[in-house]
Amino acid sequence: MEESIMFAKKYLEDILSFFGLNTDVYATHDDDVIQLSVPSTHLNGFLIGQRGDTLRAIQFLVSTALKNNEHEYTRVNVDIADYKRHRYDRMAERAEKWVAEVQRNGKELPLEPMNAVDRRTIHRVVGESRGVESESEGEGYDRHIVLKPIKQADDEPEEDKSSKDDKSVDEENSDTETEDESKSEKQ
């Protein structure tokens, strides 16, 4: 693990030096994921890119270099100036607002297409809330989440509940009758 971490750290520092940024990258690991953190610099916007695209590309480069050099650990998470943590917090706040909107009006809410990390954040927030569920739809760059209100059992009309109860009682009675018939046939 240590060899993979040192290689990833050095590789990222070399990439940053091509941009004229000589900084120390902080490297740790969680389970089998190498965590690389670049401190805040004057190049944050350039290194992060629009919606984190450049950051994801840098992360891909480091991971690919680990694979190509046959290191045991190849999963890498690169964060620049805590961008990912701040992005997670912002997405979680937006998700809470969207959940409240769906709870308030009871209508489905399709969201704009987003990357897998942002979708995972939305699913996590929705999973912690009540009365709303989330579902990913679409493929590739068009993959997005649809927030849907959950129909509660208490929302059903009384007639529907009683007819369901009657059906289940009828099914139980028919099961009992079938058992009684099979017992009498055996005797």
# chains A, B, ... in the order shown; residues from 1 in each chain; ligands from 1

$ residues_around --residues "segment 52-67 of chain A" --least-positions-apart "4" --cutoff "9 Å" --atoms "only C-alpha atoms" --output "PyMOL selection string"
chain A and resi 4+7-9+11-12+15+46-48+71-80+83-84

$ write_last_selection --atoms "N, CA and C atoms" --output "short mmCIF file (atom, residue, chain, number, x, y, z; two decimals), in the first residue's frame"
data_model
loop_
_atom_site.label_atom_id
_atom_site.label_comp_id
_atom_site.auth_asym_id
_atom_site.auth_seq_id
_atom_site.Cartn_x
_atom_site.Cartn_y
_atom_site.Cartn_z
N SER A 4 2.21 2.18 -3.41
CA SER A 4 1.17 2.76 -4.27
C SER A 4 0.89 4.20 -3.88
N PHE A 7 3.81 6.42 -5.01
CA PHE A 7 3.80 6.60 -6.47
C PHE A 7 2.73 7.60 -6.88
N ALA A 8 1.51 7.44 -6.33
CA ALA A 8 0.39 8.32 -6.68
C ALA A 8 0.69 9.76 -6.27
N LYS A 9 1.25 9.94 -5.08
CA LYS A 9 1.60 11.28 -4.58
C LYS A 9 2.63 11.94 -5.50
N TYR A 11 3.36 11.15 -8.63
CA TYR A 11 2.79 11.34 -9.97
C TYR A 11 1.93 12.60 -10.02
N LEU A 12 1.10 12.81 -8.99
CA LEU A 12 0.26 14.01 -8.95
C LEU A 12 1.11 15.27 -8.80
N ILE A 15 2.48 16.11 -12.17
CA ILE A 15 1.45 16.74 -13.03
C ILE A 15 1.31 18.21 -12.67
N PHE A 46 -8.55 26.54 -12.17
CA PHE A 46 -7.96 25.87 -13.34
C PHE A 46 -7.87 24.36 -13.11
N LEU A 47 -7.41 23.96 -11.91
CA LEU A 47 -7.22 22.53 -11.62
C LEU A 47 -8.54 21.80 -11.39
N ILE A 48 -9.54 22.50 -10.90
CA ILE A 48 -10.84 21.86 -10.66
C ILE A 48 -11.64 21.79 -11.95
N HIS A 71 0.51 -1.47 -9.89
CA HIS A 71 0.45 -1.32 -8.45
C HIS A 71 -0.76 -2.07 -7.92
N GLU A 72 -0.65 -2.51 -6.68
CA GLU A 72 -1.72 -3.30 -6.08
C GLU A 72 -2.99 -2.46 -5.87
N TYR A 73 -2.83 -1.22 -5.45
CA TYR A 73 -3.97 -0.35 -5.18
C TYR A 73 -4.08 0.69 -6.29
N THR A 74 -5.25 0.76 -6.93
CA THR A 74 -5.40 1.67 -8.07
C THR A 74 -6.57 2.63 -7.90
N ARG A 75 -7.36 2.48 -6.86
CA ARG A 75 -8.47 3.42 -6.65
C ARG A 75 -7.93 4.67 -5.98
N VAL A 76 -8.26 5.82 -6.59
CA VAL A 76 -7.71 7.10 -6.12
C VAL A 76 -8.83 8.11 -5.99
N ASN A 77 -8.75 8.93 -4.96
CA ASN A 77 -9.65 10.06 -4.79
C ASN A 77 -8.79 11.30 -4.66
N VAL A 78 -8.86 12.18 -5.65
CA VAL A 78 -8.08 13.43 -5.63
C VAL A 78 -9.03 14.56 -5.27
N ASP A 79 -8.63 15.38 -4.29
CA ASP A 79 -9.43 16.55 -3.91
C ASP A 79 -8.54 17.77 -3.91
N ILE A 80 -9.02 18.85 -4.49
CA ILE A 80 -8.26 20.10 -4.56
C ILE A 80 -8.99 21.16 -3.76
N TYR A 83 -12.62 20.83 -2.51
CA TYR A 83 -13.71 21.04 -3.46
C TYR A 83 -14.79 19.97 -3.33
N LYS A 84 -14.38 18.72 -3.24
CA LYS A 84 -15.37 17.63 -3.20
C LYS A 84 -16.22 17.68 -1.95
#

$ select_by_dssp --residues "segment 18-143 of chain A" --states "helix (DSSP H, G or I)" --output "PyMOL selection string"
chain A and resi 18+44-48+50-68+83-105+116-128+140-142

$ residues_around --residues "Ala100 of chain A" --least-positions-apart "5" --cutoff "10 Å" --atoms "only C-alpha atoms" --output "PyMOL selection string"
chain A and resi 94-95+105-106+129-132

$ atom_distance --atom1 "atom CA of Glu112 of chain A" --atom2 "atom CA of Leu43 of chain A"
28.5 Å

$ residues_around --residues "Pro113 of chain A" --least-positions-apart "5" --cutoff "10 Å" --atoms "only C-alpha atoms" --output "PyMOL selection string"
chain A and resi 118-119+136-145

$ select_by_dssp --residues "segment 41-88 of chain A" --states "strand (DSSP E)" --output "PyMOL selection string"
chain A and resi 75-80

$ residues_around --residues "Gln103 of chain A" --least-positions-apart "5" --cutoff "12 Å" --atoms "only C-alpha atoms" --output "VMD selection string"
chain A and resid 96 to 98 108 to 109 126 129 to 133 147 to 151

$ atom_distance --atom1 "atom CA of Ile5 of chain A" --atom2 "atom CA of Arg124 of chain A"
29.0 Å

$ closest_residue --among "A:Ser17, A:Gln35, A:Ser134, A:Ser40" --to "Arg120 of chain A" --atoms "only C-alpha atoms"
A:Ser134

$ closest_residue --among "A:Val146, A:Val117, A:Val25, A:Val99" --to "Ser37 of chain A" --atoms "only C-alpha atoms"
A:Val25

$ decode --residues "segment 89-123 of chain A" --atoms "N, CA and C atoms" --output "mmCIF file, in the first residue's frame"
data_model
loop_
_atom_site.group_PDB
_atom_site.id
_atom_site.type_symbol
_atom_site.label_atom_id
_atom_site.label_comp_id
_atom_site.auth_asym_id
_atom_site.auth_seq_id
_atom_site.Cartn_x
_atom_site.Cartn_y
_atom_site.Cartn_z
ATOM 1 N N ASP A 89 -21.567 19.072 0.297
ATOM 2 C CA ASP A 89 -22.424 19.868 1.188
ATOM 3 C C ASP A 89 -23.450 20.672 0.396
ATOM 4 N N ARG A 90 -23.014 21.295 -0.720
ATOM 5 C CA ARG A 90 -23.944 22.071 -1.546
ATOM 6 C C ARG A 90 -25.015 21.179 -2.161
ATOM 7 N N MET A 91 -24.618 20.013 -2.677
ATOM 8 C CA MET A 91 -25.590 19.093 -3.284
ATOM 9 C C MET A 91 -26.572 18.574 -2.240
ATOM 10 N N ALA A 92 -26.094 18.311 -1.038
ATOM 11 C CA ALA A 92 -26.972 17.832 0.029
ATOM 12 C C ALA A 92 -28.011 18.901 0.389
ATOM 13 N N GLU A 93 -27.590 20.160 0.446
ATOM 14 C CA GLU A 93 -28.532 21.252 0.726
ATOM 15 C C GLU A 93 -29.588 21.358 -0.366
ATOM 16 N N ARG A 94 -29.146 21.294 -1.623
ATOM 17 C CA ARG A 94 -30.095 21.363 -2.742
ATOM 18 C C ARG A 94 -31.052 20.176 -2.703
ATOM 19 N N ALA A 95 -30.526 18.995 -2.382
ATOM 20 C CA ALA A 95 -31.370 17.796 -2.312
ATOM 21 C C ALA A 95 -32.440 17.943 -1.234
ATOM 22 N N GLU A 96 -32.073 18.518 -0.101
ATOM 23 C CA GLU A 96 -33.049 18.729 0.974
ATOM 24 C C GLU A 96 -34.167 19.669 0.521
ATOM 25 N N LYS A 97 -33.821 20.701 -0.248
ATOM 26 C CA LYS A 97 -34.836 21.622 -0.778
ATOM 27 C C LYS A 97 -35.747 20.910 -1.767
ATOM 28 N N TRP A 98 -35.158 20.071 -2.630
ATOM 29 C CA TRP A 98 -35.963 19.334 -3.606
ATOM 30 C C TRP A 98 -36.893 18.342 -2.907
ATOM 31 N N VAL A 99 -36.399 17.676 -1.862
ATOM 32 C CA VAL A 99 -37.221 16.733 -1.103
ATOM 33 C C VAL A 99 -38.394 17.472 -0.465
ATOM 34 N N ALA A 100 -38.123 18.635 0.129
ATOM 35 C CA ALA A 100 -39.190 19.426 0.744
ATOM 36 C C ALA A 100 -40.232 19.830 -0.289
ATOM 37 N N GLU A 101 -39.784 20.181 -1.504
ATOM 38 C CA GLU A 101 -40.715 20.558 -2.570
ATOM 39 C C GLU A 101 -41.612 19.382 -2.961
ATOM 40 N N VAL A 102 -41.035 18.200 -3.098
ATOM 41 C CA VAL A 102 -41.827 17.014 -3.460
ATOM 42 C C VAL A 102 -42.792 16.664 -2.335
ATOM 43 N N GLN A 103 -42.347 16.778 -1.089
ATOM 44 C CA GLN A 103 -43.233 16.500 0.047
ATOM 45 C C GLN A 103 -44.385 17.503 0.087
ATOM 46 N N ARG A 104 -44.098 18.761 -0.246
ATOM 47 C CA ARG A 104 -45.102 19.824 -0.188
ATOM 48 C C ARG A 104 -46.152 19.669 -1.294
ATOM 49 N N ASN A 105 -45.722 19.438 -2.538
ATOM 50 C CA ASN A 105 -46.695 19.418 -3.627
ATOM 51 C C ASN A 105 -47.101 18.014 -4.066
ATOM 52 N N GLY A 106 -46.396 16.968 -3.615
ATOM 53 C CA GLY A 106 -46.786 15.597 -3.924
ATOM 54 C C GLY A 106 -46.616 15.195 -5.375
ATOM 55 N N LYS A 107 -45.804 15.926 -6.132
ATOM 56 C CA LYS A 107 -45.593 15.620 -7.550
ATOM 57 C C LYS A 107 -44.148 15.178 -7.783
ATOM 58 N N GLU A 108 -43.951 14.357 -8.831
ATOM 59 C CA GLU A 108 -42.609 13.942 -9.216
ATOM 60 C C GLU A 108 -41.785 15.157 -9.622
ATOM 61 N N LEU A 109 -40.490 15.078 -9.362
ATOM 62 C CA LEU A 109 -39.585 16.166 -9.724
ATOM 63 C C LEU A 109 -38.368 15.592 -10.445
ATOM 64 N N PRO A 110 -38.323 15.727 -11.788
ATOM 65 C CA PRO A 110 -37.126 15.273 -12.504
ATOM 66 C C PRO A 110 -36.017 16.320 -12.354
ATOM 67 N N LEU A 111 -34.802 15.861 -12.055
ATOM 68 C CA LEU A 111 -33.668 16.763 -11.884
ATOM 69 C C LEU A 111 -32.826 16.773 -13.152
ATOM 70 N N GLU A 112 -31.939 17.755 -13.258
ATOM 71 C CA GLU A 112 -31.063 17.854 -14.428
ATOM 72 C C GLU A 112 -30.063 16.696 -14.408
ATOM 73 N N PRO A 113 -29.527 16.327 -15.574
ATOM 74 C CA PRO A 113 -28.498 15.274 -15.607
ATOM 75 C C PRO A 113 -27.300 15.669 -14.748
ATOM 76 N N MET A 114 -26.722 14.679 -14.069
ATOM 77 C CA MET A 114 -25.575 14.940 -13.198
ATOM 78 C C MET A 114 -24.663 13.724 -13.161
ATOM 79 N N ASN A 115 -23.450 13.928 -12.683
ATOM 80 C CA ASN A 115 -22.479 12.836 -12.628
ATOM 81 C C ASN A 115 -22.827 11.860 -11.509
ATOM 82 N N ALA A 116 -22.154 10.715 -11.500
ATOM 83 C CA ALA A 116 -22.460 9.633 -10.565
ATOM 84 C C ALA A 116 -22.269 10.049 -9.108
ATOM 85 N N VAL A 117 -21.253 10.838 -8.821
ATOM 86 C CA VAL A 117 -20.991 11.258 -7.445
ATOM 87 C C VAL A 117 -22.141 12.126 -6.928
ATOM 88 N N ASP A 118 -22.605 13.066 -7.747
ATOM 89 C CA ASP A 118 -23.718 13.929 -7.336
ATOM 90 C C ASP A 118 -25.007 13.123 -7.192
ATOM 91 N N ARG A 119 -25.231 12.174 -8.102
ATOM 92 C CA ARG A 119 -26.431 11.320 -7.987
ATOM 93 C C ARG A 119 -26.391 10.514 -6.691
ATOM 94 N N ARG A 120 -25.213 9.996 -6.352
ATOM 95 C CA ARG A 120 -25.070 9.220 -5.115
ATOM 96 C C ARG A 120 -25.386 10.094 -3.901
ATOM 97 N N THR A 121 -24.962 11.344 -3.930
ATOM 98 C CA THR A 121 -25.257 12.278 -2.843
ATOM 99 C C THR A 121 -26.760 12.481 -2.714
ATOM 100 N N ILE A 122 -27.437 12.694 -3.832
ATOM 101 C CA ILE A 122 -28.889 12.899 -3.821
ATOM 102 C C ILE A 122 -29.582 11.661 -3.273
ATOM 103 N N HIS A 123 -29.197 10.476 -3.753
ATOM 104 C CA HIS A 123 -29.809 9.232 -3.268
ATOM 105 C C HIS A 123 -29.614 9.080 -1.757
#
